[in-house]
There are 2 protein chains.
Amino acid sequence: MNYDRVYNFSAGPAMMPEPVLEEIRDEMMNYRGSGMCVMEMSHRSAVFQKIVDEAEADLRELMGIPDNYKVLFIQGGATLQFAAIPWNLMKNGKAVYIETGAWSKKAIAEAKKYGEVIVAASSKDKNYSYIPDCSDLDIPDDTDYVYICENETIHGVTWQKLPNTKGHVLVSDQSSMFLSKPCNVKDYGLIYAGVQKNVGPAGMSIVIIREDLIREDLDPKMPIYMRYDTHAKNGSMYNTPNCWDIYCCGKVFKYLKSIGGLEEMQRRNIEKAKILYDFLDSSKMFKGTVVPEVRSLMNVPFVTESAELDAEVVKATKAAGYDNLKGHKSVGGLRASIYNAMPKEGVEALVEFLKKFEAEHK
Amino acid sequence: MNYDRVYNFSAGPAMMPEPVLEEIRDEMMNYRGSGMCVMEMSHRSAVFQKIVDEAEADLRELMGIPDNYKVLFIQGGATLQFAAIPWNLMKNGKAVYIETGAWSKKAIAEAKKYGEVIVAASSKDKNYSYIPDCSDLDIPDDTDYVYICENETIHGVTWQKLPNTKGHVLVSDQSSMFLSKPCNVKDYGLIYAGVQKNVGPAGMSIVIIREDLIREDLDPKMPIYMRYDTHAKNGSMYNTPNCWDIYCCGKVFKYLKSIGGLEEMQRRNIEKAKILYDFLDSSKMFKGTVVPEVRSLMNVPFVTESAELDAEVVKATKAAGYDNLKGHKSVGGLRASIYNAMPKEGVEALVEFLKKFEAEHK
């Protein structure tokens, strides 16, 4: 059906699959004979418990999450996790962080409140346009974990090969690449993602954590809400969770399964991103800002020769139905976020538009 | 229209007004020509900023919130606020709490992590079935604030007259009574409410705080997400907020305005609750558990002579389309939560059903 929807290149919250939105709409007044909307359901009811159980089971199946990992649904966004991670995981009070852009930088600032943070590698010298070599880092033995932001939403770089942690626990912020490709969960101690970029509406993070990392001997000052053991022991329902988000994410998990899972999603994402990067590489007006080897499949920052022309492009694309192409305020330029739910047709149409714009503005 | 909806007596998440759900459904695929669902909108976009601005303005109008109070939209539920409040507000490290039921008890436990907590009055001796006299409490001069839970969702007691704080700041958890009646905001330093009981879907608290209580000289260990100044300085958008919840709550605010505001809502709530309490007072089988003077208009706990009969009633009511009448696991019995969105017809129908049940089980 034609709903006059635009192609929305927002970095998050971002597009959701149209069939998922249709299902949510159709279940609004009465979810499957329950007589109520999911927003109205007691989180302690059988009908909602089934929703959360299915969501978790589908996510486990999609990612192949081993049994010794817990899946937690927690409010507060990645921002609250920036504090929760060091506070819960720093046993020796020491962690190694790799600085690859705005989001790892924010995580570093917050982690410093809870222990010693060693920034073992950084790409700050070239404005976070690459991923530093992390094959042989100097990691102290008593390091509690090594932290990366696996896809930097603002700077558009993504890790192609995980760092060599030398046996230490790997923690990854997958917010803007979550479920965009297969993931070997066993390589990580903790994976987390704010869901509003590649899965559902804003308001929840998913934390996938190896059970042995969930501690009880924690700082007594830690809010009960921030303790992973609180959520783990109570099936993410110590208090009322973001039920609506669990429901919406659950639908997206089922949708991903229906199209063939993460392998197929990756195939589509590679195909989609190639259309845009090929154009940027051939254009004389538009240039990608990231070295080819670590370009993100999800967030594609690019620039013209001037901020004025950038602004003109943003204005013209918006008028033509390609929304939210303005780069993040901290870096400027343009950015096309092409998450899972962005159809190939959206990227093709954008590229056609940019080609035409370039031809007309020679 | 008939959607075969049930009367849902859940203590929260709970019923929402049907016209609000219809509007949300109708805007699902394309919000007012934006070409996208609200769940897909960048929180930095003009279209979403208008949604959040209108929500705040409507709430301010409904409650008559003075200009020197900030309205904050924060994730994490009341549970996170149990820690945020003492951590942000305890300047002298001392607060007075009044213990009136399960939720004030939880708030007390959490507050003890951040300073000295003086429980100046409690109704624990009679299983929280009344509100203690707080007209002349012993409050130390250097007390940072006096804390109450203004309506205890589980125990069904509500404050009819605020405590005499002797000039100290009053903090109130209004979660299960928020917007159920007019509120003189000036009487409080901070009001907060998890929205999932009387307003919108779970996943957000609204914090209304007098500006002079927002501090910057805070414990450096406090997560940036938990600092009120973080949210206040950034219009609740330091990080991505629960956009969907703001949207839904905004619709409920407009709905409340359309029916005549909080005075009319209170009139309806009194009328509704009276139907149920009058029945309980006249029944030989069912008895309310709270002293009449402080009975909640929102949460009505009641019991039969035995746990077995309670369970039988829960089963029979559910089968008849009156859902979620089971009392909280910590107290047992039955509980009818009759929040703003429960129509009078729902309470009338429940009472008719209970009368019939009583007649048949004599």
# chains A, B, ... in the order shown; residues from 1 in each chain; ligands from 1
$ calpha_fit_and_write --fixed "chain A" --moving "chain B" --output "compact mmCIF listing (two decimals) with C-alpha atoms, in the first residue's frame"
# COMPACT_ATOMS: atom_id res chain seq x y z
CA MET B 1 -0.02 0.00 -0.02
CA ASN B 2 1.13 3.55 -0.60
CA TYR B 3 1.29 5.56 2.59
CA ASP B 4 3.28 8.43 1.06
CA ARG B 5 6.20 7.50 3.24
CA VAL B 6 9.58 9.19 2.77
CA TYR B 7 13.01 7.60 2.65
CA ASN B 8 14.28 8.51 6.08
CA PHE B 9 18.08 8.55 6.43
CA SER B 10 18.03 9.43 10.12
CA ALA B 11 20.88 8.14 12.28
CA GLY B 12 18.32 7.07 14.85
CA PRO B 13 15.56 6.78 15.71
CA ALA B 14 15.27 5.43 12.20
CA MET B 15 13.14 3.54 9.74
CA MET B 16 11.33 0.40 10.76
CA PRO B 17 10.11 -2.28 8.33
CA GLU B 18 6.76 -1.28 6.87
CA PRO B 19 5.16 -4.71 7.39
CA VAL B 20 6.09 -4.48 11.09
CA LEU B 21 4.42 -1.09 11.41
CA GLU B 22 1.32 -2.43 9.70
CA GLU B 23 1.10 -5.32 12.15
CA ILE B 24 1.52 -2.99 15.11
CA ARG B 25 -1.20 -0.74 13.73
CA ASP B 26 -3.56 -3.65 13.21
CA GLU B 27 -3.05 -4.91 16.76
CA MET B 28 -3.49 -1.48 18.36
CA MET B 29 -7.06 -1.72 19.64
CA ASN B 30 -7.04 -5.39 20.58
CA TYR B 31 -3.89 -7.50 20.59
CA ARG B 32 -4.82 -10.97 19.37
CA GLY B 33 -8.06 -11.30 21.32
CA SER B 34 -6.57 -10.07 24.60
CA GLY B 35 -9.05 -7.20 24.54
CA MET B 36 -6.31 -4.62 25.00
CA CYS B 37 -3.40 -2.85 23.36
CA VAL B 38 0.09 -4.05 24.33
CA MET B 39 0.63 -0.58 25.88
CA GLU B 40 -2.14 -1.39 28.36
CA MET B 41 -1.00 -4.85 29.40
CA SER B 42 0.18 -5.75 32.85
CA HIS B 43 3.80 -6.77 32.53
CA ARG B 44 2.97 -9.58 34.96
CA SER B 45 0.27 -11.04 32.71
CA ALA B 46 0.57 -14.30 30.80
CA VAL B 47 -0.13 -12.59 27.49
CA PHE B 48 2.76 -10.17 27.95
CA GLN B 49 5.10 -12.83 29.31
CA LYS B 50 4.61 -14.69 26.05
CA ILE B 51 5.59 -11.56 24.12
CA VAL B 52 8.81 -11.10 26.07
CA ASP B 53 9.67 -14.81 25.99
CA GLU B 54 9.20 -14.96 22.21
CA ALA B 55 11.23 -11.78 21.69
CA GLU B 56 14.12 -13.23 23.66
CA ALA B 57 13.89 -16.63 21.98
CA ASP B 58 13.83 -15.08 18.51
CA LEU B 59 16.81 -12.87 19.28
CA ARG B 60 18.71 -15.86 20.64
CA GLU B 61 17.96 -17.77 17.46
CA LEU B 62 18.89 -14.88 15.15
CA MET B 63 22.25 -14.25 16.81
CA GLY B 64 22.94 -17.77 18.00
CA ILE B 65 23.31 -16.58 21.57
CA PRO B 66 24.81 -19.37 23.73
CA ASP B 67 22.94 -20.55 26.83
CA ASN B 68 25.53 -19.08 29.18
CA TYR B 69 24.64 -15.55 28.09
CA LYS B 70 21.74 -13.55 29.53
CA VAL B 71 19.65 -11.20 27.43
CA LEU B 72 18.57 -8.09 29.36
CA PHE B 73 16.13 -5.36 28.33
CA ILE B 74 17.09 -2.15 30.14
CA GLN B 75 15.87 1.45 29.90
CA GLY B 76 18.09 4.52 29.80
CA GLY B 77 19.84 4.12 26.47
CA ALA B 78 23.51 3.57 25.77
CA THR B 79 24.18 6.61 27.96
CA LEU B 80 23.17 4.73 31.11
CA GLN B 81 25.17 1.70 29.96
CA PHE B 82 28.29 3.88 29.64
CA ALA B 83 28.18 3.97 33.46
CA ALA B 84 26.63 0.57 34.11
CA ILE B 85 29.33 -1.32 32.22
CA PRO B 86 32.38 -0.11 34.16
CA TRP B 87 30.50 -0.11 37.45
CA ASN B 88 29.36 -3.69 37.01
CA LEU B 89 32.41 -5.09 35.27
CA MET B 90 35.39 -3.36 36.87
CA LYS B 91 36.52 -5.85 39.47
CA ASN B 92 40.14 -4.73 39.41
CA GLY B 93 39.16 -1.17 38.61
CA LYS B 94 40.90 -1.14 35.24
CA ALA B 95 39.71 -1.24 31.64
CA VAL B 96 41.14 -0.67 28.18
CA TYR B 97 39.12 1.48 25.78
CA ILE B 98 39.71 2.04 22.07
CA GLU B 99 38.79 5.54 20.94
CA THR B 100 37.35 5.52 17.42
CA GLY B 101 34.79 8.33 17.43
CA ALA B 102 32.22 10.33 19.35
CA TRP B 103 30.53 7.38 21.03
CA SER B 104 33.60 5.58 22.33
CA LYS B 105 34.78 8.98 23.55
CA LYS B 106 31.59 9.44 25.57
CA ALA B 107 31.92 5.94 26.96
CA ILE B 108 35.50 6.69 28.03
CA ALA B 109 34.49 9.89 29.82
CA GLU B 110 31.81 8.07 31.78
CA ALA B 111 33.96 5.01 32.60
CA LYS B 112 36.60 7.22 34.23
CA LYS B 113 34.16 7.79 37.10
CA TYR B 114 34.46 4.16 38.11
CA GLY B 115 38.09 3.20 37.66
CA GLU B 116 41.25 3.52 35.64
CA VAL B 117 40.67 3.82 31.91
CA ILE B 118 43.54 3.08 29.57
CA VAL B 119 43.00 4.40 26.05
CA ALA B 120 45.21 1.89 24.29
CA ALA B 121 44.60 3.13 20.76
CA SER B 122 42.89 6.07 19.13
CA SER B 123 42.13 7.40 15.67
CA LYS B 124 41.67 10.93 16.93
CA ASP B 125 44.73 12.10 14.95
CA LYS B 126 42.80 11.77 11.69
CA ASN B 127 39.40 12.84 12.98
CA TYR B 128 38.28 9.26 13.58
CA SER B 129 38.31 8.34 9.91
CA TYR B 130 39.94 4.95 10.43
CA ILE B 131 40.20 2.10 12.95
CA PRO B 132 43.61 1.81 14.63
CA ASP B 133 45.59 -1.40 14.43
CA CYS B 134 44.63 -3.39 17.52
CA SER B 135 46.38 -6.66 16.75
CA ASP B 136 49.05 -6.24 19.41
CA LEU B 137 47.94 -3.81 22.09
CA ASP B 138 49.66 -3.35 25.40
CA ILE B 139 47.00 -4.68 27.77
CA PRO B 140 47.80 -4.99 31.50
CA ASP B 141 47.09 -8.44 32.90
CA ASP B 142 44.60 -7.16 35.46
CA THR B 143 42.48 -5.35 32.88
CA ASP B 144 38.84 -6.15 33.47
CA TYR B 145 37.78 -5.75 29.86
CA VAL B 146 38.58 -4.20 26.48
CA TYR B 147 35.90 -1.86 25.16
CA ILE B 148 35.06 -0.92 21.59
CA CYS B 149 32.27 0.90 19.81
CA GLU B 150 31.89 -1.50 16.92
CA ASN B 151 30.23 1.00 14.61
CA GLU B 152 30.63 4.72 15.18
CA THR B 153 27.30 6.28 14.18
CA ILE B 154 28.65 9.80 13.76
CA HIS B 155 32.03 9.09 12.18
CA GLY B 156 30.91 6.17 10.04
CA VAL B 157 33.71 3.73 10.82
CA THR B 158 33.13 0.10 11.63
CA TRP B 159 35.37 -2.66 12.97
CA GLN B 160 36.09 -5.29 10.32
CA LYS B 161 38.23 -7.41 12.63
CA LEU B 162 37.83 -7.43 16.39
CA PRO B 163 40.80 -6.31 18.51
CA ASN B 164 43.16 -8.86 19.93
CA THR B 165 42.21 -8.64 23.61
CA LYS B 166 44.88 -11.15 24.62
CA GLY B 167 42.38 -13.21 26.50
CA HIS B 168 40.56 -10.34 28.16
CA VAL B 169 36.82 -9.84 28.04
CA LEU B 170 35.61 -7.90 25.01
CA VAL B 171 32.78 -5.39 25.47
CA SER B 172 31.12 -3.96 22.38
CA ASP B 173 28.66 -1.14 21.76
CA GLN B 174 26.79 -2.42 18.73
CA SER B 175 24.04 0.20 18.84
CA SER B 176 24.20 1.32 15.23
CA MET B 177 25.01 -2.07 13.72
CA PHE B 178 23.06 -4.46 15.91
CA LEU B 179 21.60 -7.31 13.82
CA SER B 180 23.03 -5.90 10.60
CA LYS B 181 25.15 -9.01 10.06
CA PRO B 182 25.91 -12.32 11.74
CA CYS B 183 27.68 -12.04 15.08
CA ASN B 184 29.79 -14.60 16.87
CA VAL B 185 28.55 -13.87 20.38
CA LYS B 186 31.17 -16.14 21.96
CA ASP B 187 33.84 -13.61 20.97
CA TYR B 188 32.38 -11.13 23.43
CA GLY B 189 31.80 -10.90 27.15
CA LEU B 190 29.15 -8.22 26.73
CA ILE B 191 27.36 -6.81 23.71
CA TYR B 192 24.88 -4.00 24.05
CA ALA B 193 22.82 -1.83 21.76
CA GLY B 194 20.39 1.02 22.06
CA VAL B 195 17.60 -0.38 19.92
CA GLN B 196 16.51 2.88 18.30
CA LYS B 197 19.00 2.74 15.48
CA ASN B 198 18.61 -0.62 13.88
CA VAL B 199 15.68 -2.34 15.62
CA GLY B 200 12.81 -0.56 17.33
CA PRO B 201 11.70 2.70 18.95
CA ALA B 202 13.97 4.61 21.33
CA GLY B 203 13.73 3.79 25.02
CA MET B 204 15.59 0.55 25.57
CA SER B 205 18.99 -1.08 25.36
CA ILE B 206 19.54 -4.76 24.88
CA VAL B 207 22.44 -6.14 26.91
CA ILE B 208 23.80 -9.59 26.09
CA ILE B 209 26.14 -10.62 28.87
CA ARG B 210 28.08 -13.76 29.71
CA GLU B 211 26.72 -15.06 32.98
CA ASP B 212 30.02 -15.23 34.82
CA LEU B 213 30.40 -11.46 34.39
CA ILE B 214 27.23 -10.78 36.38
CA ARG B 215 28.46 -9.99 39.87
CA GLU B 216 26.81 -9.53 43.23
CA ASP B 217 29.79 -8.06 45.10
CA LEU B 218 29.16 -4.57 43.79
CA ASP B 219 29.58 -1.04 45.09
CA PRO B 220 26.74 -0.60 47.62
CA LYS B 221 26.14 2.85 46.19
CA MET B 222 25.07 1.49 42.83
CA PRO B 223 21.38 2.11 42.09
CA ILE B 224 19.51 -1.18 42.07
CA TYR B 225 18.32 -0.39 38.55
CA MET B 226 21.91 -0.29 37.28
CA ARG B 227 22.98 -3.67 38.61
CA TYR B 228 22.99 -6.35 35.95
CA ASP B 229 22.14 -8.95 38.56
CA THR B 230 18.88 -7.10 39.28
CA HIS B 231 17.74 -7.51 35.69
CA ALA B 232 19.24 -10.97 35.21
CA LYS B 233 17.55 -12.46 38.29
CA ASN B 234 14.17 -11.04 37.35
CA GLY B 235 13.94 -11.72 33.64
CA SER B 236 14.30 -7.97 32.96
CA MET B 237 11.18 -7.40 35.07
CA TYR B 238 12.44 -6.29 38.44
CA ASN B 239 10.38 -3.20 37.69
CA THR B 240 8.10 -2.45 34.76
CA PRO B 241 10.17 -2.71 31.58
CA ASN B 242 9.59 -0.80 28.36
CA CYS B 243 6.94 -3.32 27.33
CA TRP B 244 6.07 -1.56 24.09
CA ASP B 245 9.68 -1.60 22.95
CA ILE B 246 10.05 -5.30 23.72
CA TYR B 247 6.90 -5.90 21.66
CA CYS B 248 8.13 -3.83 18.70
CA CYS B 249 11.64 -5.28 18.78
CA GLY B 250 10.11 -8.76 18.96
CA LYS B 251 8.24 -8.05 15.75
CA VAL B 252 11.45 -6.90 14.05
CA PHE B 253 13.20 -10.08 15.20
CA LYS B 254 10.45 -12.15 13.59
CA TYR B 255 10.67 -10.05 10.45
CA LEU B 256 14.42 -10.65 10.23
CA LYS B 257 13.86 -14.37 10.64
CA SER B 258 11.24 -14.28 7.88
CA ILE B 259 13.59 -12.73 5.34
CA GLY B 260 16.34 -15.26 6.00
CA GLY B 261 18.11 -14.09 9.13
CA LEU B 262 21.31 -12.14 9.56
CA GLU B 263 23.17 -13.68 6.62
CA GLU B 264 20.53 -12.39 4.23
CA MET B 265 20.39 -9.06 6.07
CA GLN B 266 24.14 -8.69 5.66
CA ARG B 267 23.91 -9.51 1.95
CA ARG B 268 21.30 -6.80 1.49
CA ASN B 269 23.26 -4.31 3.57
CA ILE B 270 26.43 -4.86 1.57
CA GLU B 271 24.51 -4.49 -1.69
CA LYS B 272 22.81 -1.31 -0.47
CA ALA B 273 25.96 0.34 0.87
CA LYS B 274 27.90 -0.47 -2.29
CA ILE B 275 25.45 1.56 -4.36
CA LEU B 276 26.14 4.61 -2.25
CA TYR B 277 29.90 4.16 -1.82
CA ASP B 278 30.38 3.46 -5.53
CA PHE B 279 28.64 6.72 -6.28
CA LEU B 280 30.71 8.65 -3.73
CA ASP B 281 33.92 7.17 -5.18
CA SER B 282 32.94 8.24 -8.69
CA SER B 283 31.48 11.65 -7.84
CA LYS B 284 33.43 14.87 -8.24
CA MET B 285 31.12 16.77 -5.91
CA PHE B 286 30.59 14.30 -3.05
CA LYS B 287 33.33 12.53 -1.11
CA GLY B 288 33.14 9.90 1.61
CA THR B 289 35.11 10.80 4.75
CA VAL B 290 36.19 7.32 5.85
CA VAL B 291 39.00 5.13 4.56
CA PRO B 292 37.47 2.39 2.38
CA GLU B 293 38.61 -0.56 4.55
CA VAL B 294 36.48 0.35 7.56
CA ARG B 295 33.52 2.10 6.02
CA SER B 296 30.30 1.46 7.87
CA LEU B 297 27.48 -0.39 6.13
CA MET B 298 25.06 1.61 8.25
CA ASN B 299 26.21 5.23 8.51
CA VAL B 300 27.75 6.90 5.48
CA PRO B 301 29.17 10.36 6.16
CA PHE B 302 30.16 12.45 3.15
CA VAL B 303 30.95 16.03 2.26
CA THR B 304 30.97 18.48 -0.61
CA GLU B 305 33.58 21.19 -1.04
CA SER B 306 31.86 23.58 1.38
CA ALA B 307 29.48 23.82 4.30
CA GLU B 308 27.24 26.06 2.19
CA LEU B 309 26.87 23.45 -0.51
CA ASP B 310 26.33 20.75 2.15
CA ALA B 311 23.43 22.78 3.49
CA GLU B 312 22.01 23.27 0.02
CA VAL B 313 22.07 19.51 -0.57
CA VAL B 314 20.34 18.83 2.75
CA LYS B 315 17.61 21.28 1.83
CA ALA B 316 17.14 19.90 -1.67
CA THR B 317 17.07 16.26 -0.53
CA LYS B 318 14.53 17.01 2.21
CA ALA B 319 12.27 18.76 -0.28
CA ALA B 320 12.52 15.72 -2.55
CA GLY B 321 11.52 13.26 0.20
CA TYR B 322 14.94 12.12 1.44
CA ASP B 323 14.89 13.13 5.06
CA ASN B 324 17.53 13.63 7.76
CA LEU B 325 20.67 13.73 5.62
CA LYS B 326 22.33 16.45 7.66
CA GLY B 327 25.55 15.29 9.31
CA HIS B 328 25.81 15.30 13.09
CA LYS B 329 26.29 18.79 14.48
CA SER B 330 29.70 17.83 15.87
CA VAL B 331 31.16 17.00 12.44
CA GLY B 332 28.95 18.73 9.87
CA GLY B 333 28.66 17.59 6.26
CA LEU B 334 26.13 14.99 5.27
CA ARG B 335 25.32 11.52 6.50
CA ALA B 336 23.07 8.85 5.08
CA SER B 337 22.13 6.24 7.63
CA ILE B 338 21.02 3.17 5.76
CA TYR B 339 20.02 0.74 8.48
CA ASN B 340 18.41 -2.65 7.99
CA ALA B 341 14.97 -1.17 7.30
CA MET B 342 16.11 1.19 4.54
CA PRO B 343 15.12 -0.48 1.29
CA LYS B 344 17.58 -0.73 -1.59
CA GLU B 345 15.17 1.42 -3.59
CA GLY B 346 15.72 4.23 -1.09
CA VAL B 347 19.48 4.23 -1.63
CA GLU B 348 19.09 3.97 -5.40
CA ALA B 349 16.69 6.88 -5.42
CA LEU B 350 19.00 8.98 -3.26
CA VAL B 351 21.97 8.26 -5.52
CA GLU B 352 19.93 9.19 -8.58
CA PHE B 353 18.95 12.42 -6.90
CA LEU B 354 22.52 13.26 -5.91
CA LYS B 355 23.75 12.50 -9.43
CA LYS B 356 21.15 14.85 -10.86
CA PHE B 357 22.03 17.47 -8.28
CA GLU B 358 25.70 17.18 -9.21
CA ALA B 359 24.96 17.46 -12.93
CA GLU B 360 22.84 20.55 -12.37
CA HIS B 361 25.41 22.24 -10.14
CA LYS B 362 28.54 21.75 -12.17
$ select_by_dssp --residues "range 6-253 of chain B" --states "strand (DSSP E)" --output "number ranges by chain"
B: 7-8, 69-74, 94-99, 116-122, 145-149, 169-173, 190-194, 205-210
$ write_last_selection --atoms "C-alpha atoms" --output "mmCIF file, in the first residue's frame"
data_model
loop_
_atom_site.group_PDB
_atom_site.id
_atom_site.type_symbol
_atom_site.label_atom_id
_atom_site.label_comp_id
_atom_site.auth_asym_id
_atom_site.auth_seq_id
_atom_site.Cartn_x
_atom_site.Cartn_y
_atom_site.Cartn_z
ATOM 1 C CA TYR B 7 -12.333 -3.811 31.156
ATOM 2 C CA ASN B 8 -8.751 -4.001 32.327
ATOM 3 C CA TYR B 69 9.692 24.326 37.618
ATOM 4 C CA LYS B 70 11.305 22.128 34.959
ATOM 5 C CA VAL B 71 9.509 19.202 33.373
ATOM 6 C CA LEU B 72 11.843 16.285 32.634
ATOM 7 C CA PHE B 73 11.155 13.087 30.697
ATOM 8 C CA ILE B 74 13.476 10.364 32.003
ATOM 9 C CA LYS B 94 19.626 13.814 55.326
ATOM 10 C CA ALA B 95 16.008 13.200 54.365
ATOM 11 C CA VAL B 96 12.744 12.358 56.080
ATOM 12 C CA TYR B 97 10.623 9.598 54.557
ATOM 13 C CA ILE B 98 7.070 8.599 55.460
ATOM 14 C CA GLU B 99 6.453 4.874 55.141
ATOM 15 C CA GLU B 116 20.749 9.372 56.331
ATOM 16 C CA VAL B 117 17.093 8.446 56.040
ATOM 17 C CA ILE B 118 14.789 9.269 58.917
ATOM 18 C CA VAL B 119 11.497 7.383 58.800
ATOM 19 C CA ALA B 120 9.462 9.920 60.726
ATOM 20 C CA ALA B 121 6.139 8.099 60.526
ATOM 21 C CA SER B 122 4.915 4.722 59.378
ATOM 22 C CA TYR B 145 13.483 17.042 51.918
ATOM 23 C CA VAL B 146 10.413 15.164 53.146
ATOM 24 C CA TYR B 147 9.366 12.266 50.931
ATOM 25 C CA ILE B 148 5.953 10.695 50.465
ATOM 26 C CA CYS B 149 4.362 8.226 48.089
ATOM 27 C CA VAL B 169 11.020 20.625 50.479
ATOM 28 C CA LEU B 170 8.270 18.102 49.765
ATOM 29 C CA VAL B 171 9.000 15.279 47.310
ATOM 30 C CA SER B 172 6.103 13.170 46.082
ATOM 31 C CA ASP B 173 5.823 9.948 44.108
ATOM 32 C CA LEU B 190 9.666 17.661 43.231
ATOM 33 C CA ILE B 191 6.817 15.571 41.858
ATOM 34 C CA TYR B 192 7.491 12.487 39.808
ATOM 35 C CA ALA B 193 5.485 9.711 38.239
ATOM 36 C CA GLY B 194 6.114 6.593 36.240
ATOM 37 C CA SER B 205 8.998 8.917 34.335
ATOM 38 C CA ILE B 206 7.981 12.527 34.369
ATOM 39 C CA VAL B 207 9.888 14.623 36.904
ATOM 40 C CA ILE B 208 8.603 18.081 37.791
ATOM 41 C CA ILE B 209 11.285 19.855 39.773
ATOM 42 C CA ARG B 210 11.703 23.348 41.169
#
$ select_by_dssp --residues "range 123-303 of chain A" --states "helix (DSSP H, G or I)" --output "count of residues only"
60
$ decode --residues "range 212-258 of chain A" --atoms "C-alpha atoms" --output "compact mmCIF listing (two decimals), in the first residue's frame"
# COMPACT_ATOMS: atom_id res chain seq x y z
CA ASP A 212 30.02 -15.24 34.83
CA LEU A 213 30.39 -11.48 34.39
CA ILE A 214 27.23 -10.79 36.38
CA ARG A 215 28.45 -10.00 39.87
CA GLU A 216 26.81 -9.52 43.22
CA ASP A 217 29.78 -8.05 45.10
CA LEU A 218 29.15 -4.57 43.79
CA ASP A 219 29.57 -1.03 45.09
CA PRO A 220 26.73 -0.60 47.62
CA LYS A 221 26.14 2.85 46.20
CA MET A 222 25.07 1.48 42.84
CA PRO A 223 21.37 2.11 42.10
CA ILE A 224 19.51 -1.17 42.07
CA TYR A 225 18.33 -0.39 38.56
CA MET A 226 21.91 -0.28 37.28
CA ARG A 227 22.97 -3.67 38.61
CA TYR A 228 22.98 -6.35 35.95
CA ASP A 229 22.13 -8.97 38.58
CA THR A 230 18.87 -7.10 39.28
CA HIS A 231 17.74 -7.52 35.70
CA ALA A 232 19.24 -10.99 35.22
CA LYS A 233 17.54 -12.48 38.29
CA ASN A 234 14.17 -11.04 37.36
CA GLY A 235 13.92 -11.73 33.64
CA SER A 236 14.29 -7.97 32.96
CA MET A 237 11.18 -7.40 35.07
CA TYR A 238 12.43 -6.28 38.45
CA ASN A 239 10.38 -3.20 37.69
CA THR A 240 8.10 -2.44 34.77
CA PRO A 241 10.17 -2.71 31.58
CA ASN A 242 9.59 -0.80 28.37
CA CYS A 243 6.94 -3.32 27.32
CA TRP A 244 6.07 -1.56 24.10
CA ASP A 245 9.67 -1.60 22.96
CA ILE A 246 10.05 -5.30 23.73
CA TYR A 247 6.92 -5.91 21.67
CA CYS A 248 8.12 -3.84 18.70
CA CYS A 249 11.64 -5.29 18.78
CA GLY A 250 10.11 -8.77 18.96
CA LYS A 251 8.25 -8.06 15.75
CA VAL A 252 11.43 -6.91 14.05
CA PHE A 253 13.21 -10.10 15.19
CA LYS A 254 10.44 -12.16 13.59
CA TYR A 255 10.67 -10.06 10.45
CA LEU A 256 14.42 -10.67 10.23
CA LYS A 257 13.85 -14.39 10.63
CA SER A 258 11.24 -14.30 7.89
